[in-house]
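J.: One structure, pasted below without further comment.
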Amino acid sequence: MSYVVSLTVCDSHYNVLKQHLFPGDGKEAAAMALCGRQSSLDRTRLLLREVHPVPYAICTRRETDSISWPVEWLDDLVDRAAAEDLSLVKFHSHPIDYRQFSSVDDRSDARLFPGIHALVDRDIPHASVVLLPDGSMFGRTVGPEGEFTPLATINMVGDDLAFWRPKAPRSLHHSTGVGRNTPAFGRAMSAELCQLSAAVVGCSGTGSIVVEQLARLGLGRLILIDPERVEVKNLNRIVNATWQDAIDGREKVEVARRAIAAVGLGTAVESHHGNLVDRKIVQAVANADLIFGCVDSAEARDVLNRISSQYLLPYFDVGVRIGALPDGTIDQIDGVIHYVKPAGASLLSRSAYRPSQVAADALRRANPALYDERRREKYIEGADEEMPAVISLNMTMASLVVNECLARLYRTRNQPNHHYAFQRVNLAEMEIETEPEGAPCPAFRPLVGRGDTEPLLDLPELSA
Ligand SMILES: [Zn+2]
């Protein structure tokens with residue numbers, strides 16, 4: 001296996017691990033985890049689905065620098081890994097802050113993992129990970145012959161976002177100092193952002209401005225998705241689009257790609273001219289580190305929420321709503337931002353859309369002519385339809401959603417990030433209302449960490 005392997009953990013599992021691995025007695029503790037996977041050409045990401053703490057009572061030894069427990073305790077988990085095609089990850093703590101694998105670890109991993117590979121009997125990676133007292137992690141895969149390969153990245157997705165890499169200049173995770181000593185907006189931030197990738201779904205009125213910011217912030221890779229072409233009516237709101245683009249009917253993703261290349265900061269771009277509800281495109285989004293949803297379709301937002309849960313990705317949803325009366329008079333102007341984390345509240349549980357809208361949007365995708373007819377009969381909703389001059393509002397919301405991402409990576413705010421799961425900008429009142437993270441969504445909870453499934457996301461239209 002020569003590909004790069006990473007590990008992603010959501011915050012609810014991370015908190016269980018931290019609590020069990022550091023019980024307060026200064027001795028090592030251990031846990032096993034079952035993981036789904038996301039596989040692409042360039043990497044496999046292990047996605048933590050279930051944590052199984054090794055009970056302290058069954059350990060035959062627990063010291064400050066070593067731990068052992070009866071290997072039979074693993075039997076059921078190995079059976080499940082084999083039956084359900086899941087990877088196994090062993091976690092243990094180094095309470096003395098030893099920042100590498102010890103020789104005891106080497107011997108123990110080289111003994112344990114070949115057996116796991118033989119019993120699971122699938123060509124899939126399994127890994128061993130150490131949790132340190134400051135909350136950071138490092139790890140390695142252990143192959144069928146007991147060979148070690150460092151994990152390229154371990155990241156935690158929750159109210160805060162943390163990425164740990166071997167030999168990183170510094171950690172993105174800050175366990176102290178809310179609002180203080182932040183590397184945000186400095187050189188360290190740029191050095192780290194170039195290692196991240198973001199999928200921007202919707203590259204029109206709001207999305208094109210999000211793309212502009214992410215490119216200039218120096219993100220390493222942008223994955224752009226939009227099914228439409230530039231038209232004259234879009235020219236008042238898509239940055240970098242020209243009259244000639246509209247005449248030529250150029251793809252919106254192509255306009256964004258051209259602009260990013262012209263800036264010359266070296267951002268890699270992968271563009272997809274197509275609808276999100278497409279196997280290849282869902283796989284491309286799942287391969288990002290961050291998702292920005294700049295769409296007004298309930299179906300697309302539902303799919304992005306599924307991707308977020310199933311592939312453990314942070315999802316930033318931004319929307320601009322202009323309500324117009326039947327005579328065309330505008331009576332409501334506001335912008336909303338949702339932050340969605342896996343195993344948290346969802347757009348569905350926050351009533352950001354209704355299931356009936358998802359069905360209607362699916363119809364719209366399948367039958368655009370019928371949708372257009374209905375839209376003309378109704379009010380205008382969404383940022384990217386045939387609206388007048390909304391670029392100033394779009395720019396405000398696009399800036400806020402990018403700042404939202406930076407706040408979660410770098411804790412730029414004085415209050416903890418879970419206070420800001422939802423924001424509504426009301427230009428009529430000159431107010432930003434915020435709401436804290438709510439109860440986990442029961443509908444999306446079972447999807448957490450499932451990774452690649454067949455059909456993809458359990459949606460028949462995404463089958464191979
Ligand atoms: Zn160790």
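In the structure tokens, chains take letters A, B, ... by order of appearance, with residues numbered from 1 within each chain and ligands from 1 in the order shown.
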Need to verify the contact set: region 154-156 of chain A, 12 Å, only C-alpha atoms, exclusion of same-chain residues closer than 5 positions in sequence. Can you return it as a compact mmCIF listing (two decimals) with all heavy atoms, in the first residue's frame?
T.:
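Now in part_15.txt:
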```txt
# COMPACT_ATOMS: atom_id res chain seq x y z
N VAL A 4 -1.16 7.66 0.54
CA VAL A 4 -1.13 8.44 1.77
C VAL A 4 -2.38 8.13 2.59
O VAL A 4 -3.48 8.06 2.05
CB VAL A 4 -1.10 9.95 1.40
CG1 VAL A 4 -1.36 10.80 2.62
CG2 VAL A 4 0.24 10.30 0.77
N VAL A 5 -2.19 7.92 3.87
CA VAL A 5 -3.35 7.65 4.74
C VAL A 5 -3.45 8.74 5.81
O VAL A 5 -2.45 9.15 6.40
CB VAL A 5 -3.23 6.26 5.41
CG1 VAL A 5 -4.44 5.99 6.31
CG2 VAL A 5 -3.12 5.16 4.35
N SER A 6 -4.67 9.22 6.02
CA SER A 6 -4.96 10.23 7.05
C SER A 6 -6.07 9.71 7.95
O SER A 6 -6.70 8.69 7.65
CB SER A 6 -5.40 11.54 6.40
OG SER A 6 -4.38 12.06 5.60
N LEU A 7 -6.32 10.43 9.03
CA LEU A 7 -7.38 10.04 9.97
C LEU A 7 -8.19 11.28 10.34
O LEU A 7 -7.61 12.33 10.62
CB LEU A 7 -6.77 9.42 11.22
CG LEU A 7 -7.71 9.20 12.42
CD1 LEU A 7 -8.72 8.07 12.13
CD2 LEU A 7 -6.91 8.86 13.69
N THR A 8 -9.52 11.13 10.35
CA THR A 8 -10.39 12.24 10.78
C THR A 8 -11.30 11.76 11.90
O THR A 8 -11.85 10.66 11.85
CB THR A 8 -11.24 12.75 9.59
OG1 THR A 8 -10.37 13.13 8.53
CG2 THR A 8 -12.07 13.95 10.01
N VAL A 9 -11.44 12.62 12.90
CA VAL A 9 -12.23 12.31 14.10
C VAL A 9 -13.19 13.47 14.34
O VAL A 9 -12.78 14.63 14.25
CB VAL A 9 -11.27 12.17 15.31
CG1 VAL A 9 -12.04 11.85 16.58
CG2 VAL A 9 -10.21 11.13 15.05
N CYS A 10 -14.45 13.18 14.66
CA CYS A 10 -15.36 14.28 15.01
C CYS A 10 -15.22 14.58 16.50
O CYS A 10 -14.69 13.77 17.26
CB CYS A 10 -16.80 13.97 14.62
SG CYS A 10 -17.60 12.77 15.66
N ASP A 11 -15.70 15.74 16.92
CA ASP A 11 -15.41 16.17 18.29
C ASP A 11 -16.08 15.31 19.36
O ASP A 11 -15.54 15.15 20.45
CB ASP A 11 -15.70 17.66 18.51
CG ASP A 11 -17.14 18.06 18.27
OD1 ASP A 11 -17.92 17.24 17.74
OD2 ASP A 11 -17.50 19.21 18.59
N SER A 12 -17.24 14.72 19.05
CA SER A 12 -17.88 13.91 20.10
C SER A 12 -17.03 12.66 20.40
O SER A 12 -16.85 12.28 21.56
CB SER A 12 -19.32 13.54 19.73
OG SER A 12 -19.37 12.81 18.55
N HIS A 13 -16.47 12.05 19.35
CA HIS A 13 -15.57 10.90 19.58
C HIS A 13 -14.25 11.35 20.22
O HIS A 13 -13.70 10.67 21.08
CB HIS A 13 -15.28 10.17 18.27
CG HIS A 13 -16.46 9.40 17.76
ND1 HIS A 13 -16.82 9.36 16.43
CD2 HIS A 13 -17.39 8.65 18.42
CE1 HIS A 13 -17.90 8.61 16.29
NE2 HIS A 13 -18.26 8.17 17.47
N TYR A 14 -13.78 12.49 19.76
CA TYR A 14 -12.51 13.02 20.29
C TYR A 14 -12.62 13.25 21.81
O TYR A 14 -11.71 12.91 22.57
CB TYR A 14 -12.17 14.32 19.56
CG TYR A 14 -10.94 15.04 20.04
CD1 TYR A 14 -9.67 14.58 19.72
CD2 TYR A 14 -11.05 16.22 20.79
CE1 TYR A 14 -8.54 15.25 20.14
CE2 TYR A 14 -9.93 16.90 21.21
CZ TYR A 14 -8.67 16.41 20.89
OH TYR A 14 -7.55 17.08 21.31
N ASN A 15 -13.75 13.79 22.23
CA ASN A 15 -13.93 14.05 23.66
C ASN A 15 -14.00 12.75 24.48
O ASN A 15 -13.47 12.68 25.58
CB ASN A 15 -15.18 14.91 23.89
CG ASN A 15 -14.98 16.32 23.33
OD1 ASN A 15 -13.85 16.79 23.23
ND2 ASN A 15 -16.07 16.97 22.96
N LEU A 17 -12.50 9.97 23.63
CA LEU A 17 -11.11 9.48 23.67
C LEU A 17 -10.29 10.20 24.72
O LEU A 17 -9.60 9.59 25.53
CB LEU A 17 -10.45 9.68 22.29
CG LEU A 17 -10.77 8.67 21.19
CD1 LEU A 17 -10.26 9.17 19.85
CD2 LEU A 17 -10.16 7.31 21.53
N THR A 44 -6.22 7.87 1.23
CA THR A 44 -7.32 7.21 1.92
C THR A 44 -7.46 7.90 3.27
O THR A 44 -6.47 8.10 3.98
CB THR A 44 -7.04 5.71 2.13
OG1 THR A 44 -7.11 5.06 0.87
CG2 THR A 44 -8.06 5.08 3.06
N ARG A 45 -8.68 8.32 3.58
CA ARG A 45 -8.92 8.91 4.89
C ARG A 45 -9.68 7.91 5.74
O ARG A 45 -10.72 7.38 5.33
CB ARG A 45 -9.78 10.17 4.74
CG ARG A 45 -9.05 11.41 5.18
CD ARG A 45 -9.79 12.71 5.01
NE ARG A 45 -11.04 12.72 4.33
CZ ARG A 45 -12.19 13.10 4.91
NH1 ARG A 45 -12.23 13.48 6.16
NH2 ARG A 45 -13.30 13.12 4.19
N LEU A 46 -9.15 7.60 6.93
CA LEU A 46 -9.88 6.79 7.89
C LEU A 46 -10.84 7.71 8.63
O LEU A 46 -10.45 8.80 9.07
CB LEU A 46 -8.92 6.12 8.87
CG LEU A 46 -7.80 5.28 8.26
CD1 LEU A 46 -6.88 4.72 9.34
CD2 LEU A 46 -8.39 4.13 7.44
N LEU A 47 -12.11 7.29 8.76
CA LEU A 47 -13.15 8.14 9.34
C LEU A 47 -13.70 7.45 10.57
O LEU A 47 -14.35 6.40 10.47
CB LEU A 47 -14.26 8.34 8.30
CG LEU A 47 -13.78 8.85 6.93
CD1 LEU A 47 -14.85 8.63 5.87
CD2 LEU A 47 -13.40 10.31 7.01
N LEU A 48 -13.42 8.01 11.71
CA LEU A 48 -13.77 7.33 12.95
C LEU A 48 -15.30 7.23 13.12
O LEU A 48 -16.00 8.24 13.09
CB LEU A 48 -13.14 8.04 14.15
CG LEU A 48 -12.98 7.14 15.38
CD1 LEU A 48 -11.80 7.60 16.22
CD2 LEU A 48 -14.24 7.15 16.21
N ALA A 127 -4.47 1.40 11.78
CA ALA A 127 -3.51 2.39 12.29
C ALA A 127 -3.39 2.38 13.80
O ALA A 127 -4.27 1.87 14.52
CB ALA A 127 -3.91 3.78 11.80
N SER A 128 -2.28 2.96 14.26
CA SER A 128 -1.99 3.11 15.68
C SER A 128 -1.74 4.60 15.95
O SER A 128 -0.97 5.23 15.22
CB SER A 128 -0.76 2.27 16.02
OG SER A 128 -0.37 2.46 17.35
N VAL A 129 -2.40 5.15 16.96
CA VAL A 129 -2.37 6.60 17.18
C VAL A 129 -2.09 6.89 18.66
O VAL A 129 -2.59 6.20 19.55
CB VAL A 129 -3.72 7.24 16.76
CG1 VAL A 129 -3.80 8.71 17.19
CG2 VAL A 129 -3.91 7.13 15.25
N VAL A 130 -1.28 7.93 18.89
CA VAL A 130 -0.97 8.36 20.26
C VAL A 130 -1.61 9.72 20.51
O VAL A 130 -1.51 10.62 19.68
CB VAL A 130 0.55 8.44 20.49
CG1 VAL A 130 0.86 9.04 21.86
CG2 VAL A 130 1.18 7.06 20.36
N LEU A 131 -2.28 9.84 21.65
CA LEU A 131 -2.86 11.12 22.08
C LEU A 131 -1.97 11.71 23.17
O LEU A 131 -1.61 11.02 24.13
CB LEU A 131 -4.28 10.90 22.59
CG LEU A 131 -5.12 12.12 22.95
CD1 LEU A 131 -5.37 13.02 21.74
CD2 LEU A 131 -6.49 11.67 23.51
N GLY A 135 -3.64 17.42 23.77
CA GLY A 135 -4.76 17.13 22.87
C GLY A 135 -4.34 16.81 21.45
O GLY A 135 -5.17 16.43 20.63
N SER A 136 -3.08 17.00 21.13
CA SER A 136 -2.66 16.70 19.76
C SER A 136 -2.42 15.20 19.60
O SER A 136 -2.34 14.45 20.59
CB SER A 136 -1.39 17.48 19.41
OG SER A 136 -0.31 17.08 20.23
N MET A 137 -2.35 14.75 18.36
CA MET A 137 -2.21 13.32 18.08
C MET A 137 -1.17 13.11 16.98
O MET A 137 -0.96 13.97 16.14
CB MET A 137 -3.54 12.74 17.60
CG MET A 137 -4.65 12.77 18.64
SD MET A 137 -6.12 11.84 18.13
CE MET A 137 -7.07 13.11 17.30
N PHE A 138 -0.54 11.97 17.00
CA PHE A 138 0.27 11.52 15.87
C PHE A 138 0.04 10.02 15.70
O PHE A 138 -0.42 9.35 16.64
CB PHE A 138 1.76 11.85 16.06
CG PHE A 138 2.40 11.17 17.25
CD1 PHE A 138 3.00 9.91 17.13
CD2 PHE A 138 2.40 11.78 18.49
CE1 PHE A 138 3.60 9.29 18.22
CE2 PHE A 138 3.00 11.16 19.60
CZ PHE A 138 3.59 9.91 19.46
N GLY A 139 0.32 9.52 14.50
CA GLY A 139 0.02 8.11 14.31
C GLY A 139 0.69 7.54 13.08
O GLY A 139 1.42 8.23 12.35
N ARG A 140 0.43 6.25 12.86
CA ARG A 140 1.05 5.55 11.74
C ARG A 140 0.13 4.39 11.35
O ARG A 140 -0.63 3.87 12.18
CB ARG A 140 2.42 5.01 12.13
CG ARG A 140 2.35 4.01 13.30
CD ARG A 140 3.75 3.68 13.82
NE ARG A 140 3.71 2.73 14.95
CZ ARG A 140 4.78 2.45 15.69
NH1 ARG A 140 5.94 3.04 15.45
NH2 ARG A 140 4.70 1.58 16.70
N THR A 141 0.23 4.00 10.09
CA THR A 141 -0.41 2.75 9.72
C THR A 141 0.59 1.64 10.03
O THR A 141 1.80 1.86 10.05
CB THR A 141 -0.76 2.69 8.22
OG1 THR A 141 0.41 2.91 7.46
CG2 THR A 141 -1.81 3.74 7.86
N LEU A 161 -11.71 23.47 14.65
CA LEU A 161 -11.08 22.58 13.68
C LEU A 161 -9.60 22.48 14.02
O LEU A 161 -8.95 23.49 14.29
CB LEU A 161 -11.24 23.15 12.26
CG LEU A 161 -12.69 23.36 11.80
CD1 LEU A 161 -12.73 24.08 10.46
CD2 LEU A 161 -13.40 22.01 11.70
N ALA A 162 -9.08 21.27 14.01
CA ALA A 162 -7.66 21.08 14.31
C ALA A 162 -7.06 20.12 13.29
O ALA A 162 -7.69 19.13 12.91
CB ALA A 162 -7.48 20.52 15.71
N PHE A 163 -5.87 20.45 12.83
CA PHE A 163 -5.12 19.58 11.90
C PHE A 163 -3.74 19.34 12.49
O PHE A 163 -3.04 20.29 12.82
CB PHE A 163 -4.96 20.25 10.52
CG PHE A 163 -6.24 20.33 9.73
CD1 PHE A 163 -7.16 21.33 9.99
CD2 PHE A 163 -6.52 19.40 8.75
CE1 PHE A 163 -8.36 21.41 9.26
CE2 PHE A 163 -7.70 19.46 8.02
CZ PHE A 163 -8.63 20.47 8.28
N TRP A 164 -3.38 18.09 12.63
CA TRP A 164 -2.03 17.77 13.12
C TRP A 164 -1.29 17.01 12.03
O TRP A 164 -1.81 16.05 11.46
CB TRP A 164 -2.12 16.89 14.37
CG TRP A 164 -2.81 17.57 15.52
CD1 TRP A 164 -2.32 18.59 16.28
CD2 TRP A 164 -4.13 17.28 16.02
NE1 TRP A 164 -3.25 18.95 17.24
CE2 TRP A 164 -4.35 18.17 17.11
CE3 TRP A 164 -5.12 16.37 15.67
CZ2 TRP A 164 -5.55 18.17 17.84
CZ3 TRP A 164 -6.30 16.37 16.40
CH2 TRP A 164 -6.50 17.25 17.47
N ARG A 165 -0.07 17.48 11.77
CA ARG A 165 0.75 16.83 10.75
C ARG A 165 2.13 16.58 11.33
O ARG A 165 2.61 17.37 12.14
CB ARG A 165 0.90 17.73 9.52
CG ARG A 165 -0.39 17.96 8.78
CD ARG A 165 -0.16 18.79 7.52
NE ARG A 165 -1.38 18.84 6.72
CZ ARG A 165 -2.35 19.73 6.89
NH1 ARG A 165 -2.23 20.65 7.82
NH2 ARG A 165 -3.44 19.70 6.15
N PRO A 166 2.80 15.51 10.87
CA PRO A 166 4.17 15.31 11.32
C PRO A 166 5.02 16.49 10.85
O PRO A 166 4.84 16.96 9.73
CB PRO A 166 4.62 14.03 10.62
CG PRO A 166 3.43 13.46 9.94
CD PRO A 166 2.38 14.50 9.87
N ALA A 168 4.86 19.56 11.38
CA ALA A 168 4.16 20.80 11.03
C ALA A 168 4.91 21.95 11.70
O ALA A 168 5.48 21.79 12.77
CB ALA A 168 2.73 20.75 11.53
N SER A 171 1.04 23.67 15.48
CA SER A 171 -0.27 23.06 15.42
C SER A 171 -1.32 24.10 15.10
O SER A 171 -1.21 25.26 15.47
CB SER A 171 -0.58 22.42 16.76
OG SER A 171 -1.93 22.04 16.78
N LEU A 172 -2.36 23.66 14.38
CA LEU A 172 -3.49 24.53 14.15
C LEU A 172 -4.42 24.54 15.35
O LEU A 172 -5.35 25.30 15.41
CB LEU A 172 -4.30 24.04 12.94
CG LEU A 172 -3.85 24.46 11.55
CD1 LEU A 172 -4.77 23.83 10.53
CD2 LEU A 172 -3.90 25.96 11.40
N HIS A 173 -4.13 23.67 16.30
CA HIS A 173 -5.04 23.55 17.42
C HIS A 173 -4.51 24.35 18.60
O HIS A 173 -3.34 24.27 18.93
CB HIS A 173 -5.16 22.08 17.83
CG HIS A 173 -6.21 21.85 18.87
ND1 HIS A 173 -7.54 22.11 18.62
CD2 HIS A 173 -6.14 21.42 20.14
CE1 HIS A 173 -8.23 21.82 19.72
NE2 HIS A 173 -7.41 21.40 20.64
N LEU A 196 -4.38 23.08 2.98
CA LEU A 196 -5.79 22.70 3.06
C LEU A 196 -6.46 22.80 1.69
O LEU A 196 -6.05 23.56 0.83
CB LEU A 196 -6.53 23.62 4.03
CG LEU A 196 -6.11 23.54 5.50
CD1 LEU A 196 -6.95 24.49 6.34
CD2 LEU A 196 -6.23 22.12 6.02
N ASP A 289 -11.04 19.20 2.46
CA ASP A 289 -10.94 19.33 3.92
C ASP A 289 -12.06 20.19 4.48
O ASP A 289 -12.39 20.08 5.67
CB ASP A 289 -9.61 19.99 4.30
CG ASP A 289 -8.40 19.15 3.89
OD1 ASP A 289 -8.42 17.93 4.16
OD2 ASP A 289 -7.45 19.70 3.30
N LEU A 290 -12.61 21.08 3.67
CA LEU A 290 -13.64 22.02 4.10
C LEU A 290 -14.68 22.11 2.99
O LEU A 290 -14.34 22.02 1.81
CB LEU A 290 -13.06 23.43 4.28
CG LEU A 290 -11.77 23.60 5.09
CD1 LEU A 290 -11.12 24.94 4.75
CD2 LEU A 290 -12.08 23.52 6.57
N LEU A 312 -17.21 13.19 7.61
CA LEU A 312 -16.62 13.99 8.71
C LEU A 312 -15.99 15.28 8.21
O LEU A 312 -14.82 15.57 8.50
CB LEU A 312 -15.60 13.16 9.50
CG LEU A 312 -16.07 11.81 10.05
CD1 LEU A 312 -14.98 11.16 10.88
CD2 LEU A 312 -17.35 11.96 10.87
N LEU A 313 -16.78 16.07 7.49
CA LEU A 313 -16.27 17.33 6.95
C LEU A 313 -17.02 18.51 7.55
O LEU A 313 -18.24 18.46 7.72
CB LEU A 313 -16.43 17.35 5.43
CG LEU A 313 -15.55 16.37 4.66
CD1 LEU A 313 -15.94 16.36 3.19
CD2 LEU A 313 -14.09 16.75 4.82
N PRO A 314 -16.30 19.60 7.85
CA PRO A 314 -16.96 20.82 8.31
C PRO A 314 -17.66 21.49 7.12
O PRO A 314 -17.08 21.58 6.04
CB PRO A 314 -15.81 21.68 8.82
CG PRO A 314 -14.60 21.21 8.09
CD PRO A 314 -14.83 19.75 7.77
N LYS A 341 -21.39 20.67 11.73
CA LYS A 341 -20.31 19.73 12.03
C LYS A 341 -20.91 18.32 12.09
O LYS A 341 -22.09 18.17 12.43
CB LYS A 341 -19.64 20.08 13.36
CG LYS A 341 -20.59 20.01 14.56
CD LYS A 341 -19.86 20.23 15.88
CE LYS A 341 -20.83 20.02 17.05
NZ LYS A 341 -20.18 20.10 18.36
N PRO A 342 -20.12 17.29 11.75
CA PRO A 342 -20.64 15.92 11.84
C PRO A 342 -21.04 15.62 13.28
O PRO A 342 -20.39 16.09 14.21
CB PRO A 342 -19.46 15.05 11.40
CG PRO A 342 -18.26 15.93 11.39
CD PRO A 342 -18.71 17.34 11.30
N ARG A 408 -12.96 29.21 13.28
CA ARG A 408 -12.96 27.83 13.79
C ARG A 408 -11.57 27.19 13.67
O ARG A 408 -11.21 26.36 14.49
CB ARG A 408 -14.03 27.01 13.08
CG ARG A 408 -15.40 27.53 13.51
CD ARG A 408 -16.58 26.80 12.95
NE ARG A 408 -17.81 27.48 13.35
CZ ARG A 408 -18.48 27.24 14.48
NH1 ARG A 408 -18.05 26.33 15.33
NH2 ARG A 408 -19.58 27.91 14.76
N LEU A 409 -10.81 27.62 12.69
CA LEU A 409 -9.43 27.13 12.58
C LEU A 409 -8.52 27.80 13.61
O LEU A 409 -7.60 27.19 14.13
CB LEU A 409 -8.88 27.42 11.18
CG LEU A 409 -9.35 26.52 10.04
CD1 LEU A 409 -9.01 27.15 8.69
CD2 LEU A 409 -8.73 25.14 10.14
```
J.: Could you list, as a list in words, all residues that come within 10 Å of ligand 1? Count only C-alpha atoms and all ligand atoms.
T.: Glu28, Ala29, Ala30, Thr64, Asp65, Ser66, Ile67, Phe91, His92, Ser93, His94, Pro95, Ile96, Asp97, Tyr98, Arg99, Gln100, Phe101, Ser102, Ser103, Val104, Asp105, Asp106, Ser108, Asp109, Ser128, Val129, Val130 and Leu131 of chain A
J.: Let's have the selection written as a short mmCIF file (atom, residue, chain, number, x, y, z; two decimals), in the first residue's frame, with C-alpha atoms.
T.:
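Printed below is again.cif as written:
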```
data_model
loop_
_atom_site.label_atom_id
_atom_site.label_comp_id
_atom_site.auth_asym_id
_atom_site.auth_seq_id
_atom_site.Cartn_x
_atom_site.Cartn_y
_atom_site.Cartn_z
CA GLU A 28 -1.46 5.17 30.00
CA ALA A 29 -4.89 4.10 28.79
CA ALA A 30 -6.10 2.70 25.47
CA THR A 64 3.22 5.91 33.07
CA ASP A 65 5.01 4.65 29.96
CA SER A 66 3.36 1.39 28.95
CA ILE A 67 0.08 -0.49 28.85
CA PHE A 91 -5.36 4.72 20.42
CA HIS A 92 -3.25 5.10 23.52
CA SER A 93 -2.04 8.01 25.61
CA HIS A 94 1.44 9.23 26.46
CA PRO A 95 0.77 11.02 29.75
CA ILE A 96 4.48 11.85 30.09
CA ASP A 97 4.24 13.79 26.80
CA TYR A 98 6.62 11.47 24.92
CA ARG A 99 6.17 12.75 21.36
CA GLN A 100 7.06 9.66 19.38
CA PHE A 101 6.37 5.95 19.36
CA SER A 102 8.43 4.15 22.00
CA SER A 103 10.29 0.89 21.45
CA VAL A 104 7.57 -0.74 23.55
CA ASP A 105 5.00 0.68 21.07
CA ASP A 106 7.03 -0.66 18.14
CA SER A 108 3.43 -4.12 20.55
CA ASP A 109 2.17 -2.74 17.18
CA SER A 128 -1.99 3.11 15.68
CA VAL A 129 -2.37 6.60 17.18
CA VAL A 130 -0.97 8.36 20.26
CA LEU A 131 -2.86 11.12 22.08
#
```
J.: I'd like the neighbourhood of Trp243 (chain A) as a ChimeraX atom specification, where a residue qualifies if any of its atoms comes within 12 Å (using only C-alpha atoms), though same-chain residues fewer than 2 positions away should be ignored.
T.: /A:230-236,238-241,245-250,255
J.: Distance CA of Tyr420 (chain A)-CA of Asp302 (chain A), one decimal place?
T.: 20.6 Å
J.: Could you name the residues that touch Tyr410 (chain A) at 7 Å or less, counting only C-alpha atoms, but leaving out those on the same chain fewer than 4 positions away, as an NGL selection string?
T.: :A and (172 or 182-184 or 406)
J.: Using only C-alpha atoms, pick whichever of A:Pro70, A:Gly26, A:Pro133, A:Pro144 has the shortest atom-to-atom distance to Leu119 (chain A).
T.: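 Of the candidates, the smallest distance to Leu119 (chain A) is held by A:Pro144.
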J.: Enumerate, in order of chain and increasing residue number, the residues of region 241-292 of chain A with an atom no farther than 12 Å from region 351-369 of chain A, each with its shortest atom pair and distance in Å to one decimal, counting only C-alpha atoms, as JSON lines.
T.:
```
{"residue": "A:Gly274", "atom": "CA", "partner": "A:Arg365", "partner_atom": "CA", "distance": 11.1}
{"residue": "A:Asn275", "atom": "CA", "partner": "A:Arg365", "partner_atom": "CA", "distance": 8.3}
{"residue": "A:Leu276", "atom": "CA", "partner": "A:Arg365", "partner_atom": "CA", "distance": 10.2}
{"residue": "A:Val277", "atom": "CA", "partner": "A:Arg365", "partner_atom": "CA", "distance": 9.0}
{"residue": "A:Asp278", "atom": "CA", "partner": "A:Arg365", "partner_atom": "CA", "distance": 11.4}
```
J.: I'd like to know which of A:Val282, A:Leu74, A:Met395, A:Ala83 is closest to Ser40 (chain A), using only C-alpha atoms.
T.: A:Val282
J.: When you look at Ala286 (chain A) with a cut-off of 9 Å (counting only C-alpha atoms), what residues show up, excluding the ones that are within fewer than 4 positions of it in the same chain? I need them as a ChimeraX atom specification.
T.: /A:38,199,281-282,291,307-308,310-313,451
J.: Residues as selected, N, CA and C atoms, written as an mmCIF file, in the first residue's frame, can you do that?
T.:
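out-v3.cif, freshly written:
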```cif
data_model
loop_
_atom_site.group_PDB
_atom_site.id
_atom_site.type_symbol
_atom_site.label_atom_id
_atom_site.label_comp_id
_atom_site.auth_asym_id
_atom_site.auth_seq_id
_atom_site.Cartn_x
_atom_site.Cartn_y
_atom_site.Cartn_z
ATOM 1 N N GLN A 38 -12.692 6.955 3.218
ATOM 2 C CA GLN A 38 -12.936 7.723 1.995
ATOM 3 C C GLN A 38 -11.688 7.543 1.151
ATOM 4 N N ALA A 199 -13.885 22.618 -0.946
ATOM 5 C CA ALA A 199 -14.837 22.488 -2.049
ATOM 6 C C ALA A 199 -15.796 23.667 -1.950
ATOM 7 N N ILE A 281 -18.911 14.058 -8.718
ATOM 8 C CA ILE A 281 -18.829 15.352 -8.035
ATOM 9 C C ILE A 281 -18.937 15.164 -6.516
ATOM 10 N N VAL A 282 -19.809 14.271 -6.066
ATOM 11 C CA VAL A 282 -19.897 13.985 -4.630
ATOM 12 C C VAL A 282 -18.548 13.454 -4.130
ATOM 13 N N ILE A 291 -15.951 22.303 3.379
ATOM 14 C CA ILE A 291 -16.998 22.501 2.368
ATOM 15 C C ILE A 291 -17.631 23.872 2.555
ATOM 16 N N ILE A 307 -22.894 14.560 3.117
ATOM 17 C CA ILE A 307 -21.450 14.423 2.901
ATOM 18 C C ILE A 307 -20.701 14.801 4.178
ATOM 19 N N SER A 308 -21.134 15.897 4.810
ATOM 20 C CA SER A 308 -20.499 16.360 6.048
ATOM 21 C C SER A 308 -20.536 15.279 7.124
ATOM 22 N N GLN A 310 -21.245 11.893 6.744
ATOM 23 C CA GLN A 310 -20.695 10.610 6.340
ATOM 24 C C GLN A 310 -19.168 10.661 6.178
ATOM 25 N N TYR A 311 -18.654 11.823 5.748
ATOM 26 C CA TYR A 311 -17.209 11.956 5.510
ATOM 27 C C TYR A 311 -16.522 12.850 6.535
ATOM 28 N N LEU A 312 -17.205 13.192 7.610
ATOM 29 C CA LEU A 312 -16.622 13.985 8.715
ATOM 30 C C LEU A 312 -15.985 15.281 8.214
ATOM 31 N N LEU A 313 -16.780 16.070 7.494
ATOM 32 C CA LEU A 313 -16.272 17.332 6.955
ATOM 33 C C LEU A 313 -17.019 18.514 7.553
ATOM 34 N N GLY A 451 -18.338 7.006 5.522
ATOM 35 C CA GLY A 451 -17.430 7.053 4.383
ATOM 36 C C GLY A 451 -18.059 6.512 3.111
#
```
J.: By how many Å are CA of Leu400 (chain A) and CA of Glu192 (chain A) apart?
T.: 20.4 Å
J.: Skip Ile124 (chain A) itself and residues of its chain fewer than 3 positions away, then list as a count of residues only all residues within 9 Å of it, counting only C-alpha atoms.
T.: 7
J.: Give me every strand (DSSP E) residue in region 144-362 of chain A, going by DSSP on the backbone, as a count of residues only.
T.: 51
J.: Rounded to one decimal place, report the CA of Val269 (chain A)-CA of Arg216 (chain A) distance in Å.
T.: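 It comes out at 13.1 Å.
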J.: Any idea what's packed within 9 Å of Gln332 (chain A), counting only C-alpha atoms, ignoring anything in its chain fewer than 6 positions away? Could you give it as a list in words?
T.: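 Near neighbours after the sequence-gap exclusion: Arg321, Ile322, Gly323, Ala324, Asn426 and Ala428 of chain A.
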